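Take a look at the structure below.
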Amino acid sequence: MKKLGLIVNPIAGMGGRVGLKGTGGADIIAKALELGAEPVSPARAVETLRSLKRAGVKFELITYPAEMGAAEASEAGLEVQVIGHITSGKTTAEDTKRAAREMLEKDVDLILLAGGDGTMSDIIKAIGTQVPILGIPTGVKMHSAAFANTPQTAGEVVARFLSEGLPLREAEVMDIDEEAYRENRLVAKLKGYVRVPYEPVMMQATKEGSTGYELADQKAIARWVIELMERGHIYALGPGTTTRAVAEELGIYNSTLLGVDLLQDYKLVARDVNEQQLLKAIGKKSATIIVSPIGRQGFIVGRGNQQLSPAVVRRVGKENVWVLATPHKLRATPTLKVDTDDAELDREFRGYIRVITGYRQTCMVKVV
Amino acid sequence: MSYQQARWIEPLIFELSKPGRVGSSLPGKPRGRINVPKELLREKLELPELSEPEVVRHYTRLSQMNYGVDSGFYPLGSCTMKYNPKVCEELAALETASCIHPHQAEETVQGALELMYRLGRFLAEIAGVARVSLQPSAGAHGEFIAMLLTRAYHKSGRDDKRDRVIVPDSAHGTNPASAAMAGYEVVTVPSNARGRVDLKALKAAVSERTAALMLTNPNTLGLFEDQIIDIAEVIHDAGGLLFYDGANLNGILGKTRPGDMGFDIVHFNLHKTFATPHGGGGPGAGPIGVQKELEKFLPVPVVEYDRKRKRYYFDYNRPHSIGKIKGFYGNFGVLVKAYAYLLLMGAEGLNEVTEAAVLNANYIMHKLLGVKGYELKFDASGPCKHEVVFSTESLKLETGVTARDVAKRLLDHGIHAPTYYFPPIVPEALMIEPTETEPREELDHFVDALNTIAQEARSNPEKLRSAPTTTAIGKLDEAKASREPILSWGAHRKSAKK
Ligand SMILES: Cc1ncc(COP(=O)(O)O)c(C=O)c1O
């Protein structure tokens with residue numbers, strides 16, 4: 001029988017309704033409560049658990065006490081094994097991290113997490129990406145691609161994962177600097193990648209020219225990108241698993257997942273470069289930037305890859321920016337965005353861009 | 001529920017086998033020697049051994065657990081599962097049509113050649129093109145040949161840098177697949193909010209590298225591409241060709257023609273529009289028609305008529321042809337049915353086919369529009385053509401019941417499921433094509449069934465999800481069935497051992 005770990009961050013999402021843009025930090029929670037914020041996370045977690053229960057799958061549920069999971073499970077009518085200790089009403093990020101570590105020890109097959117970007121980042125900090133995760137969207141900011149679209153679909157996906165074993169794909173975990181965000185500045189950071197189960201809808205996938213499997217689709221993209229590469233050119237490979245697949249197809253296994261690497265003549269020539277190093281390496285050579293949009297939110301340049309600054313993009317030329325995305329990723333990311341700190345450059349990107357979606361397969365996608 | 005399909009507990013024919021039993025006994029022992037090399041000789045044949053009545057009963061029972069247009073309503077969108085007149089089958093089964101051999105001398109099959117010659121002319125007239133080849137054996141095959149013709153055309157104009165084919169995101173999967181197989185890069189263009197090709201995106205997609213656009217009209221949403229003249233202009237101005245996917249021809253017969261819309265190459269699905277059922281796994285036929293400037297590239301042979309000698313013949317002497325694409329000359333039986341059907345219907349009849357097909361689809365659309373749980377995701381303003389795509393997304397959000405669940409539950413009402421989850425641009429899609437051969441009572445029964453299912457989704461979703469229960473075979477694990485198909489006795493025994 002499969003084991004499911006459940007972690008509810010009970011205060012996630014509280015700030016949103018009262019306009020606080022995130023609920024990280026004790027003072028903000030106090031302020032949210034003062035403004036009359038009500039918990040939203042527990043109710044949404046219950047919704048997911050109910051949809052999971054409806055599916056009638058047998059599994060072992062392990063969770064943390066009271067509002068961090070036990071209460072929600074009992075409300076949904078599910079039996080649970082409760083581990084750990086918390087001070088109810090005063091939970092912190094430390095509790096989330098401890099819960100994740102203890103669940104890792106318990107060998108859970110999947111962690112179901114009710115929270116937002118911040119909670120997801122806490123989990124990676126605690127246990128890395130060792131355990132697959134699926135997020136129930138309950139936070140204020142959900143820029144990460146590791147969240148299901150609705151609490152209900154989260155339940156359906158988990159049910160199928162537990163009963164049939166769905167494949168896993170890697171999804172971005174983003175977090176935003178909340179301090180800056182409250183001052184209306186958006187500084188999105190790519191925190192890492194977690195493995196999430198997903199449903200390869202076979203019917204749909206084949207009609208889209210997709211194998212239905214992320215890894216196979218990424219490989220198909222990589223094969224073609226490599227065919228398109230020319231000797232002497234510099235290729236700046238942006239962050240992400242789609243671009244990493246290009247490096248791996250070339251036999252390069254030490255590319256930087258969260259940074260920008262440089263390739264030339266099918267070889268890795270520099271790792272994790274910053275803006276200055278990029279400009280210097282490119283010099284007068286012809287160069288291409290290869291990026292993949294951040295899943296769901298759709299940023300291709302500017303967020304998550306600030307090294308690809310306006311100066312770099314201008315030097316390379318907009319027409320030499322190759323965007324890669326699997327059909328599955330595109331479906332969740334219907335429009336693309338750029339945010340380069342250079343309004344003029346952002347404007348130039350607007351309209352339609354050709355995105356590479358497979359082997360000799362591209363798609364016109366709107367950049368807004 | 002007023003439906004119950006026959007449910008025989010029928011063993012496999014191999015399991016019914018009893019040693020020594022035969023259907024008919026051959027006189028004496030075979031005489032003479034057959035020269036089979038030793039290494040090809042089999043020790044055991046392992047064929048089932050049964051008497052004739054046992055065989056007849058076995059297959060009769062299996063057929064009773066089947067479902068087809070002959071047993072009921074079959075609104076499988078994009079497949080045009082209409083009733084095919086039995087007289088067409090009978091004509092195709094005539095000895096003069098079914099017992100001729102492709103190696104017979106041309107003089108002895110003049111009738112067959114004439115039939116093909118005339119069928120080609122009829123189809124050319126229906127589509128508004130100059131010339132038709134009947135050889136491709138399916139729609140997808142026709143599409144692929146269209147791509148080869150496209151390549152030959154551009155090459156002959158020394159324009160061989162054209163390596164991209166544009167396909168809308170609502171297209172059938174065979175379109176991008178055919179282009180890719182012919183070596184083209186496939187560029188997908190999105191649909192706009194009205195469910196039509198987004199002209200802005202199309203303009204951004206075309207370039208000096210555009211070889212062709214593949215389009216079906218009415219499109220897979222059942223909507224007419226009303227900007228087709230502008231679309232054709234964008235493609236032609238860029239130097240590309242327009243390919244018409246004829247799968248949806250049932251929506252425009254006699255009303256408009258692909259040629260008049262600006263298409264250069266057209267394919268037909270005879271096994272949809274013209275009296276051969278689709279979806280049975282074949283045989284089918286996907287003839288291909290072209291405009292004048294592409295005629296010389298058509299595959300060989302082409303059926304020609306020699307006026308002087310008053311004789312039909314296969315013309316192989318075509319130096320620009322893309323060559324041979326099919327053994328002999330296509331699936332002749334299917335061609336006979338199409339020819340018979342065209343003679344049966346006449347121009348007037350074809351007009352009525354489309355009118356009734358479009359009316360039936362609109363009837364269903366209007367009846368379902370008020371039902372909570374089913375909605376149109378694109379244009380709900382104008383009429384649809386021969387099919388309509390509903391989304392059950394709101395029903396799913398409300399009750400957890402998916403389009404697939406709804407489709408499966410329809411089986412319990414004695415109705416074949418619509419095409420579901422296609423086209424992919426509609427979430428929780430149910431693609432409904434009633435066709436022209438259904439009476440109003442069937443359409444009402446279908447709408448009632450969908451109504452009942454929506455109510456049931458709210459009152460008893462568990463029960464709904466266990467559907468189908470009145471069919472010979474209940475709910476299948478579809479993923480397992482497609483991943484581990486067991487299609488032969490050998491495979492069955494192997495899997496049983498495991
Ligand atoms: C729109 C469309 N185009 C093409 C085809 C391919 O036809 P065939 O199945 O004969 O290969 C189909 C088949 O259903 C279709 O619906």
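Convention: chains lettered A, B, ... in structure tokens order; per-chain residue numbering from 1; ligands numbered from 1 as shown.
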
Practice item. Could I get the residue neighbourhood of ligand 1 at 7 Å, counting only C-alpha atoms and all ligand atoms, as a list in words? Key: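 Checking only C-alpha atoms and all ligand atoms against ligand 1 at 7 Å gives Ser78, Cys79, Ala138, Gly139, Ala140, His141, Ala171, His172, Thr174, Asn175, Thr216, Thr220, Asp245, Gly246, Ala247, Asn248, Asn269, His271, Gly284 and Gly286 of chain B.
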
Could you take the residues named above and write them with all heavy atoms, as a tab-separated table (two decimals), in the first residue's frame?
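Result file result.tsv:
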chain	number	residue	atom	x	y	z
B	78	SER	N	-16.30	13.90	-36.03
B	78	SER	CA	-15.21	13.90	-37.00
B	78	SER	C	-15.11	12.57	-37.75
B	78	SER	O	-14.24	12.40	-38.57
B	78	SER	CB	-13.86	14.21	-36.34
B	78	SER	OG	-12.98	14.72	-37.31
B	79	CYS	N	-16.00	11.63	-37.46
B	79	CYS	CA	-15.91	10.33	-38.13
B	79	CYS	C	-17.06	10.10	-39.10
B	79	CYS	O	-17.05	9.14	-39.86
B	79	CYS	CB	-15.85	9.20	-37.10
B	79	CYS	SG	-14.23	9.09	-36.35
B	138	ALA	N	-6.38	5.87	-47.23
B	138	ALA	CA	-7.03	6.42	-46.03
B	138	ALA	C	-6.85	7.92	-46.06
B	138	ALA	O	-6.09	8.45	-46.87
B	138	ALA	CB	-6.40	5.86	-44.77
B	139	GLY	N	-7.56	8.59	-45.16
B	139	GLY	CA	-7.43	10.04	-45.09
B	139	GLY	C	-5.99	10.45	-44.83
B	139	GLY	O	-5.42	11.29	-45.53
B	140	ALA	N	-5.39	9.81	-43.82
B	140	ALA	CA	-4.02	10.18	-43.46
B	140	ALA	C	-3.06	9.92	-44.62
B	140	ALA	O	-2.12	10.68	-44.84
B	140	ALA	CB	-3.59	9.41	-42.22
B	141	HIS	N	-3.31	8.85	-45.37
B	141	HIS	CA	-2.46	8.54	-46.53
B	141	HIS	C	-2.60	9.66	-47.57
B	141	HIS	O	-1.60	10.13	-48.13
B	141	HIS	CB	-2.90	7.19	-47.10
B	141	HIS	CG	-1.94	6.61	-48.10
B	141	HIS	ND1	-2.29	5.60	-48.94
B	141	HIS	CD2	-0.64	6.90	-48.38
B	141	HIS	CE1	-1.25	5.28	-49.71
B	141	HIS	NE2	-0.24	6.06	-49.39
B	171	ALA	N	-6.48	21.19	-35.42
B	171	ALA	CA	-6.39	20.16	-36.46
B	171	ALA	C	-6.39	18.75	-35.89
B	171	ALA	O	-6.00	18.51	-34.75
B	171	ALA	CB	-5.13	20.36	-37.29
B	172	HIS	N	-6.81	17.83	-36.73
B	172	HIS	CA	-6.71	16.41	-36.40
B	172	HIS	C	-5.24	16.02	-36.37
B	172	HIS	O	-4.45	16.54	-37.14
B	172	HIS	CB	-7.44	15.63	-37.50
B	172	HIS	CG	-7.64	14.19	-37.15
B	172	HIS	ND1	-6.86	13.20	-37.67
B	172	HIS	CD2	-8.55	13.59	-36.35
B	172	HIS	CE1	-7.29	12.03	-37.19
B	172	HIS	NE2	-8.31	12.23	-36.40
B	174	THR	N	-3.60	13.67	-37.49
B	174	THR	CA	-2.96	13.16	-38.70
B	174	THR	C	-2.36	14.28	-39.53
B	174	THR	O	-1.43	14.02	-40.31
B	174	THR	CB	-3.96	12.38	-39.57
B	174	THR	OG1	-5.13	13.17	-39.75
B	174	THR	CG2	-4.34	11.05	-38.94
B	175	ASN	N	-2.85	15.51	-39.41
B	175	ASN	CA	-2.30	16.61	-40.21
B	175	ASN	C	-0.84	16.87	-39.86
B	175	ASN	O	0.03	16.73	-40.72
B	175	ASN	CB	-3.12	17.89	-40.04
B	175	ASN	CG	-4.49	17.85	-40.73
B	175	ASN	OD1	-5.22	18.82	-40.77
B	175	ASN	ND2	-4.87	16.70	-41.27
B	216	THR	N	-8.94	22.21	-42.33
B	216	THR	CA	-10.21	21.58	-42.65
B	216	THR	C	-11.31	22.61	-42.42
B	216	THR	O	-11.23	23.41	-41.50
B	216	THR	CB	-10.44	20.27	-41.85
B	216	THR	OG1	-11.79	19.87	-42.02
B	216	THR	CG2	-10.14	20.43	-40.39
B	220	THR	N	-12.53	21.39	-36.98
B	220	THR	CA	-12.90	20.29	-36.08
B	220	THR	C	-13.85	20.74	-34.96
B	220	THR	O	-14.37	19.91	-34.24
B	220	THR	CB	-11.67	19.63	-35.44
B	220	THR	OG1	-10.94	20.64	-34.78
B	220	THR	CG2	-10.81	18.94	-36.46
B	245	ASP	N	-8.20	19.40	-45.79
B	245	ASP	CA	-8.47	18.11	-45.18
B	245	ASP	C	-9.97	17.85	-45.34
B	245	ASP	O	-10.80	18.52	-44.75
B	245	ASP	CB	-8.07	18.18	-43.70
B	245	ASP	CG	-8.47	16.94	-42.91
B	245	ASP	OD1	-9.43	16.25	-43.31
B	245	ASP	OD2	-7.82	16.67	-41.89
B	246	GLY	N	-10.29	16.87	-46.19
B	246	GLY	CA	-11.68	16.65	-46.59
B	246	GLY	C	-12.51	15.82	-45.63
B	246	GLY	O	-13.62	15.40	-45.97
B	247	ALA	N	-11.99	15.61	-44.42
B	247	ALA	CA	-12.73	14.76	-43.48
B	247	ALA	C	-14.11	15.34	-43.16
B	247	ALA	O	-15.02	14.60	-42.80
B	247	ALA	CB	-11.93	14.60	-42.19
B	248	ASN	N	-14.25	16.66	-43.28
B	248	ASN	CA	-15.51	17.28	-42.90
B	248	ASN	C	-16.34	17.71	-44.10
B	248	ASN	O	-17.18	18.62	-44.00
B	248	ASN	CB	-15.23	18.49	-41.99
B	248	ASN	CG	-14.60	18.05	-40.68
B	248	ASN	OD1	-14.77	16.91	-40.26
B	248	ASN	ND2	-13.86	18.94	-40.05
B	269	ASN	N	-12.35	11.71	-47.64
B	269	ASN	CA	-12.48	10.47	-46.89
B	269	ASN	C	-13.70	9.75	-47.43
B	269	ASN	O	-14.82	9.97	-46.96
B	269	ASN	CB	-12.68	10.76	-45.40
B	269	ASN	CG	-11.39	10.72	-44.62
B	269	ASN	OD1	-10.52	11.56	-44.82
B	269	ASN	ND2	-11.25	9.74	-43.76
B	271	HIS	N	-14.45	6.87	-46.92
B	271	HIS	CA	-14.98	6.10	-45.80
B	271	HIS	C	-15.49	7.03	-44.69
B	271	HIS	O	-15.25	6.82	-43.52
B	271	HIS	CB	-13.91	5.16	-45.26
B	271	HIS	CG	-12.60	5.83	-44.97
B	271	HIS	ND1	-11.75	6.24	-45.97
B	271	HIS	CD2	-12.00	6.18	-43.82
B	271	HIS	CE1	-10.68	6.80	-45.43
B	271	HIS	NE2	-10.82	6.78	-44.13
B	284	GLY	N	-10.38	1.63	-46.36
B	284	GLY	CA	-10.94	2.94	-46.65
B	284	GLY	C	-10.34	3.44	-47.95
B	284	GLY	O	-9.66	2.69	-48.65
B	286	GLY	N	-8.75	7.39	-49.45
B	286	GLY	CA	-8.54	8.83	-49.24
B	286	GLY	C	-8.07	9.52	-50.49
B	286	GLY	O	-6.98	10.09	-50.52

Practice item. Excluding Glu172 of chain A and any residue of its chain fewer than 5 positions from it, enumerate the residues within 8 Å of it, using only C-alpha atoms, and give them as a ChimeraX atom specification. Key: /A:144-146,190-194,240,294-295

Dump all heavy atoms for the selected residues as a compact mmCIF listing (two decimals), in the first residue's frame?
# COMPACT_ATOMS: atom_id res chain seq x y z
N SER A 144 4.82 28.77 -8.60
CA SER A 144 5.45 27.47 -8.84
C SER A 144 4.54 26.61 -9.70
O SER A 144 3.32 26.69 -9.62
CB SER A 144 5.69 26.76 -7.52
OG SER A 144 6.43 27.59 -6.66
N ALA A 145 5.19 25.76 -10.52
CA ALA A 145 4.41 24.90 -11.40
C ALA A 145 4.06 23.59 -10.69
O ALA A 145 3.52 22.69 -11.30
CB ALA A 145 5.18 24.63 -12.68
N ALA A 146 4.39 23.52 -9.41
CA ALA A 146 4.18 22.26 -8.68
C ALA A 146 2.80 22.17 -8.05
O ALA A 146 2.51 21.25 -7.31
CB ALA A 146 5.25 22.12 -7.62
N LEU A 190 13.94 31.50 -8.85
CA LEU A 190 13.72 30.09 -9.08
C LEU A 190 14.42 29.36 -7.94
O LEU A 190 15.62 29.44 -7.79
CB LEU A 190 14.34 29.73 -10.43
CG LEU A 190 14.11 28.34 -10.98
CD1 LEU A 190 12.63 28.01 -11.00
CD2 LEU A 190 14.68 28.27 -12.40
N LYS A 191 13.65 28.68 -7.11
CA LYS A 191 14.22 28.06 -5.92
C LYS A 191 14.69 26.64 -6.18
O LYS A 191 15.47 26.11 -5.43
CB LYS A 191 13.16 28.00 -4.80
CG LYS A 191 12.76 29.35 -4.29
CD LYS A 191 13.85 29.90 -3.40
CE LYS A 191 13.38 31.22 -2.82
NZ LYS A 191 14.37 31.85 -1.97
N GLY A 192 14.14 26.03 -7.19
CA GLY A 192 14.55 24.65 -7.46
C GLY A 192 13.46 23.91 -8.19
O GLY A 192 12.49 24.53 -8.66
N TYR A 193 13.65 22.62 -8.27
CA TYR A 193 12.68 21.79 -8.99
C TYR A 193 12.23 20.65 -8.10
O TYR A 193 13.05 20.04 -7.43
CB TYR A 193 13.30 21.22 -10.26
CG TYR A 193 13.40 22.25 -11.34
CD1 TYR A 193 14.44 23.17 -11.35
CD2 TYR A 193 12.42 22.34 -12.32
CE1 TYR A 193 14.51 24.14 -12.32
CE2 TYR A 193 12.49 23.30 -13.29
CZ TYR A 193 13.54 24.21 -13.29
OH TYR A 193 13.59 25.16 -14.26
N VAL A 194 10.95 20.40 -8.09
CA VAL A 194 10.46 19.22 -7.39
C VAL A 194 9.84 18.28 -8.41
O VAL A 194 9.49 18.70 -9.51
CB VAL A 194 9.38 19.58 -6.33
CG1 VAL A 194 10.02 20.24 -5.15
CG2 VAL A 194 8.29 20.41 -6.94
N GLY A 240 16.42 25.43 -16.16
CA GLY A 240 15.25 24.57 -16.34
C GLY A 240 15.56 23.17 -16.80
O GLY A 240 16.66 22.87 -17.24
N ILE A 294 8.90 29.68 -17.55
CA ILE A 294 8.62 29.19 -16.21
C ILE A 294 7.20 28.61 -16.28
O ILE A 294 6.27 29.30 -16.68
CB ILE A 294 8.61 30.37 -15.22
CG1 ILE A 294 9.95 31.09 -15.23
CG2 ILE A 294 8.22 29.89 -13.83
CD1 ILE A 294 11.06 30.45 -14.49
N GLY A 295 7.06 27.36 -15.92
CA GLY A 295 5.77 26.67 -16.02
C GLY A 295 4.64 27.48 -15.40
O GLY A 295 4.80 28.09 -14.35

Point to revise | Surrounding residues of segment 310-316 of chain A excluding itself and chain neighbours under 4 positions, 8 Å, only C-alpha atoms, as a ChimeraX atom specification | key: /A:275,278-279,286-289,320-321,340-342,345

Could those selected residues go to a file with N, CA, C and O atoms, as a JSON list (two decimals), in the first residue's frame?
[["chain", "number", "residue", "atom", "x", "y", "z"],
["A", 275, "GLU", "N", 25.75, 38.18, -15.93],
["A", 275, "GLU", "CA", 25.56, 39.04, -17.08],
["A", 275, "GLU", "C", 26.88, 39.46, -17.73],
["A", 275, "GLU", "O", 27.06, 39.38, -18.95],
["A", 278, "LEU", "N", 28.60, 36.73, -19.52],
["A", 278, "LEU", "CA", 27.87, 36.44, -20.75],
["A", 278, "LEU", "C", 28.29, 37.39, -21.87],
["A", 278, "LEU", "O", 28.62, 36.96, -22.97],
["A", 279, "LEU", "N", 28.25, 38.69, -21.55],
["A", 279, "LEU", "CA", 28.57, 39.68, -22.56],
["A", 279, "LEU", "C", 29.99, 39.50, -23.07],
["A", 279, "LEU", "O", 30.26, 39.61, -24.26],
["A", 286, "SER", "N", 28.35, 35.29, -33.11],
["A", 286, "SER", "CA", 26.89, 35.18, -33.17],
["A", 286, "SER", "C", 26.45, 34.23, -32.06],
["A", 286, "SER", "O", 27.14, 33.25, -31.76],
["A", 287, "ALA", "N", 25.35, 34.59, -31.46],
["A", 287, "ALA", "CA", 24.92, 33.85, -30.28],
["A", 287, "ALA", "C", 23.43, 33.61, -30.29],
["A", 287, "ALA", "O", 22.67, 34.32, -30.95],
["A", 288, "THR", "N", 23.03, 32.60, -29.56],
["A", 288, "THR", "CA", 21.61, 32.25, -29.43],
["A", 288, "THR", "C", 21.31, 32.02, -27.96],
["A", 288, "THR", "O", 22.14, 31.44, -27.24],
["A", 289, "ILE", "N", 20.17, 32.50, -27.54],
["A", 289, "ILE", "CA", 19.73, 32.25, -26.16],
["A", 289, "ILE", "C", 18.67, 31.15, -26.23],
["A", 289, "ILE", "O", 17.75, 31.22, -27.03],
["A", 320, "ASN", "N", 17.06, 35.65, -32.18],
["A", 320, "ASN", "CA", 17.92, 34.54, -31.81],
["A", 320, "ASN", "C", 17.64, 34.02, -30.40],
["A", 320, "ASN", "O", 18.48, 33.43, -29.76],
["A", 321, "VAL", "N", 16.43, 34.28, -29.94],
["A", 321, "VAL", "CA", 16.01, 33.69, -28.68],
["A", 321, "VAL", "C", 15.13, 32.49, -29.03],
["A", 321, "VAL", "O", 14.10, 32.64, -29.66],
["A", 340, "THR", "N", 11.93, 42.37, -18.60],
["A", 340, "THR", "CA", 13.39, 42.53, -18.65],
["A", 340, "THR", "C", 13.90, 43.81, -18.01],
["A", 340, "THR", "O", 15.09, 44.10, -18.13],
["A", 341, "ASP", "N", 13.04, 44.58, -17.38],
["A", 341, "ASP", "CA", 13.51, 45.87, -16.83],
["A", 341, "ASP", "C", 13.72, 46.89, -17.94],
["A", 341, "ASP", "O", 14.35, 47.92, -17.72],
["A", 342, "ASP", "N", 13.30, 46.55, -19.14],
["A", 342, "ASP", "CA", 13.51, 47.45, -20.27],
["A", 342, "ASP", "C", 12.21, 47.42, -21.06],
["A", 342, "ASP", "O", 11.95, 46.50, -21.84],
["A", 345, "LEU", "N", 12.23, 46.85, -24.80],
["A", 345, "LEU", "CA", 12.54, 45.48, -25.20],
["A", 345, "LEU", "C", 11.32, 44.58, -24.97],
["A", 345, "LEU", "O", 10.98, 43.75, -25.81]]

**Study point:** Nearest-residue call for chain A, choices B:Ser2, B:Ser488, B:Asn451, B:Thr402, using only C-alpha atoms
**Key:**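 So, comparing all the options, the nearest one is B:Thr402.
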
Review point. Between A:Tyr266, A:Tyr359, A:Trp322, A:Tyr198, which is the closest to chain B once you count only C-alpha atoms?
Key: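 Result for the nearest residue to chain B: A:Tyr359.
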
Exercise for review: Write down, as a list in words, each residue of chain B that has any atom within 7 Å of an atom of chain A, counting only C-alpha atoms.
Suggested key: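 That gives the following set of residues: His172, Gly173, Glu185, Val186, Val187, Thr188, Val189, Pro190, Ala201, Ala204, Ala205, Tyr421, Phe422 and Pro424 of chain B.
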
Point to revise | Spatial neighbours of Pro461 of chain B, 10 Å, only C-alpha atoms, chain gap at least 6 places, as a PyMOL selection string | key: (chain A and resi 54) or (chain B and resi 399-401+405+453-455)

Take the residues from that selection and write them out as a tab-separated table (two decimals), in the first residue's frame, keeping N, CA and C atoms.
chain	number	residue	atom	x	y	z
A	54	ARG	N	-13.40	10.23	-2.48
A	54	ARG	CA	-14.42	9.79	-3.45
A	54	ARG	C	-13.90	8.74	-4.41
B	399	THR	N	-19.30	18.59	-10.14
B	399	THR	CA	-19.60	17.25	-9.63
B	399	THR	C	-18.44	16.28	-9.66
B	400	GLY	N	-17.37	16.66	-10.33
B	400	GLY	CA	-16.25	15.73	-10.46
B	400	GLY	C	-16.42	14.75	-11.61
B	401	VAL	N	-17.57	14.78	-12.26
B	401	VAL	CA	-17.83	13.86	-13.37
B	401	VAL	C	-17.17	14.40	-14.65
B	405	ASP	N	-16.53	10.14	-18.35
B	405	ASP	CA	-17.62	9.49	-17.59
B	405	ASP	C	-18.95	9.66	-18.31
B	453	ILE	N	-28.03	12.31	-17.62
B	453	ILE	CA	-26.67	12.10	-17.10
B	453	ILE	C	-26.22	13.31	-16.28
B	454	ALA	N	-26.55	14.52	-16.75
B	454	ALA	CA	-26.16	15.72	-15.99
B	454	ALA	C	-26.83	15.71	-14.62
B	455	GLN	N	-28.09	15.29	-14.57
B	455	GLN	CA	-28.79	15.23	-13.28
B	455	GLN	C	-28.16	14.16	-12.39

Revision key, fill the gap. Taken to one decimal, the atom CA of Val368 of chain A-atom CA of Tyr235 of chain A distance is 25.4 Å

Review point. Quick one, how far is atom CA of Asn219 of chain B from atom CA of Tyr244 of chain B?
Key: 10.4 Å

Practice item. Using DSSP on the backbone, list every residue of segment 226-327 of chain B that comes out as alpha helix (DSSP H), and give them as a ChimeraX atom specification. Key: /B:228-237,258-261,270-273

Review point. Which of these, B:Pro53, B:Leu134, B:Arg194, B:Val167, has the shortest distance to Leu113 of chain B once you count only C-alpha atoms?
Key: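 For Leu113 of chain B, the nearest of the given residues is B:Leu134.
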
Point to revise | Polymer residues at most 7 Å from segment 253-264 of chain B, only C-alpha atoms, same-chain spacing of 3 or more positions, as a ChimeraX atom specification | key: /B:126-129,228-229,232,241-244,249-250,290-291,350-351,354

Save out the residues we just selected, N, CA, C and O atoms, as a tab-separated table (two decimals), in the first residue's frame.
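This went into out_28.tsv:
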chain	number	residue	atom	x	y	z
B	126	ILE	N	-17.11	17.86	-57.29
B	126	ILE	CA	-17.59	18.15	-55.93
B	126	ILE	C	-16.63	19.07	-55.18
B	126	ILE	O	-17.04	19.95	-54.44
B	127	ALA	N	-15.33	18.87	-55.39
B	127	ALA	CA	-14.34	19.64	-54.63
B	127	ALA	C	-13.87	20.89	-55.38
B	127	ALA	O	-13.19	21.73	-54.80
B	128	GLY	N	-14.20	21.00	-56.66
B	128	GLY	CA	-13.73	22.17	-57.40
B	128	GLY	C	-12.25	22.11	-57.70
B	128	GLY	O	-11.54	23.10	-57.55
B	129	VAL	N	-11.76	20.93	-58.09
B	129	VAL	CA	-10.35	20.79	-58.46
B	129	VAL	C	-10.26	20.24	-59.87
B	129	VAL	O	-11.26	19.82	-60.45
B	228	ILE	N	-11.78	32.37	-44.69
B	228	ILE	CA	-10.97	31.50	-45.54
B	228	ILE	C	-10.35	32.24	-46.73
B	228	ILE	O	-9.21	31.97	-47.12
B	229	ILE	N	-11.06	33.24	-47.26
B	229	ILE	CA	-10.51	33.96	-48.41
B	229	ILE	C	-9.25	34.74	-47.98
B	229	ILE	O	-8.23	34.73	-48.68
B	232	ALA	N	-6.44	32.25	-47.35
B	232	ALA	CA	-5.84	31.78	-48.61
B	232	ALA	C	-4.89	32.83	-49.16
B	232	ALA	O	-3.80	32.52	-49.66
B	241	LEU	N	1.17	26.70	-50.42
B	241	LEU	CA	-0.02	26.05	-50.95
B	241	LEU	C	-1.04	25.83	-49.83
B	241	LEU	O	-0.68	25.79	-48.65
B	242	LEU	N	-2.30	25.66	-50.24
B	242	LEU	CA	-3.34	25.36	-49.25
B	242	LEU	C	-3.83	23.93	-49.44
B	242	LEU	O	-4.25	23.55	-50.54
B	243	PHE	N	-3.75	23.18	-48.36
B	243	PHE	CA	-4.25	21.80	-48.41
B	243	PHE	C	-5.56	21.72	-47.64
B	243	PHE	O	-5.66	22.19	-46.51
B	244	TYR	N	-6.55	21.10	-48.25
B	244	TYR	CA	-7.86	20.94	-47.62
B	244	TYR	C	-8.02	19.52	-47.10
B	244	TYR	O	-7.98	18.56	-47.87
B	249	LEU	N	-16.14	17.05	-45.20
B	249	LEU	CA	-16.85	17.39	-46.43
B	249	LEU	C	-18.37	17.27	-46.28
B	249	LEU	O	-19.13	17.93	-46.98
B	250	ASN	N	-18.79	16.41	-45.35
B	250	ASN	CA	-20.23	16.22	-45.15
B	250	ASN	C	-20.93	17.53	-44.76
B	250	ASN	O	-22.14	17.64	-44.88
B	290	VAL	N	-6.24	17.80	-57.05
B	290	VAL	CA	-5.32	18.94	-57.16
B	290	VAL	C	-5.77	19.91	-58.25
B	290	VAL	O	-6.50	19.55	-59.16
B	291	GLN	N	-5.29	21.12	-58.13
B	291	GLN	CA	-5.53	22.10	-59.18
B	291	GLN	C	-4.55	21.87	-60.33
B	291	GLN	O	-3.55	21.17	-60.20
B	350	LEU	N	-26.98	15.15	-52.71
B	350	LEU	CA	-25.81	15.53	-51.91
B	350	LEU	C	-26.07	16.84	-51.17
B	350	LEU	O	-25.68	17.00	-50.01
B	351	ASN	N	-26.73	17.74	-51.87
B	351	ASN	CA	-27.15	18.99	-51.24
B	351	ASN	C	-27.96	18.73	-49.99
B	351	ASN	O	-27.75	19.33	-48.95
B	354	THR	N	-26.05	17.40	-46.86
B	354	THR	CA	-25.43	18.44	-46.05
B	354	THR	C	-26.47	19.23	-45.26
B	354	THR	O	-26.28	19.53	-44.08
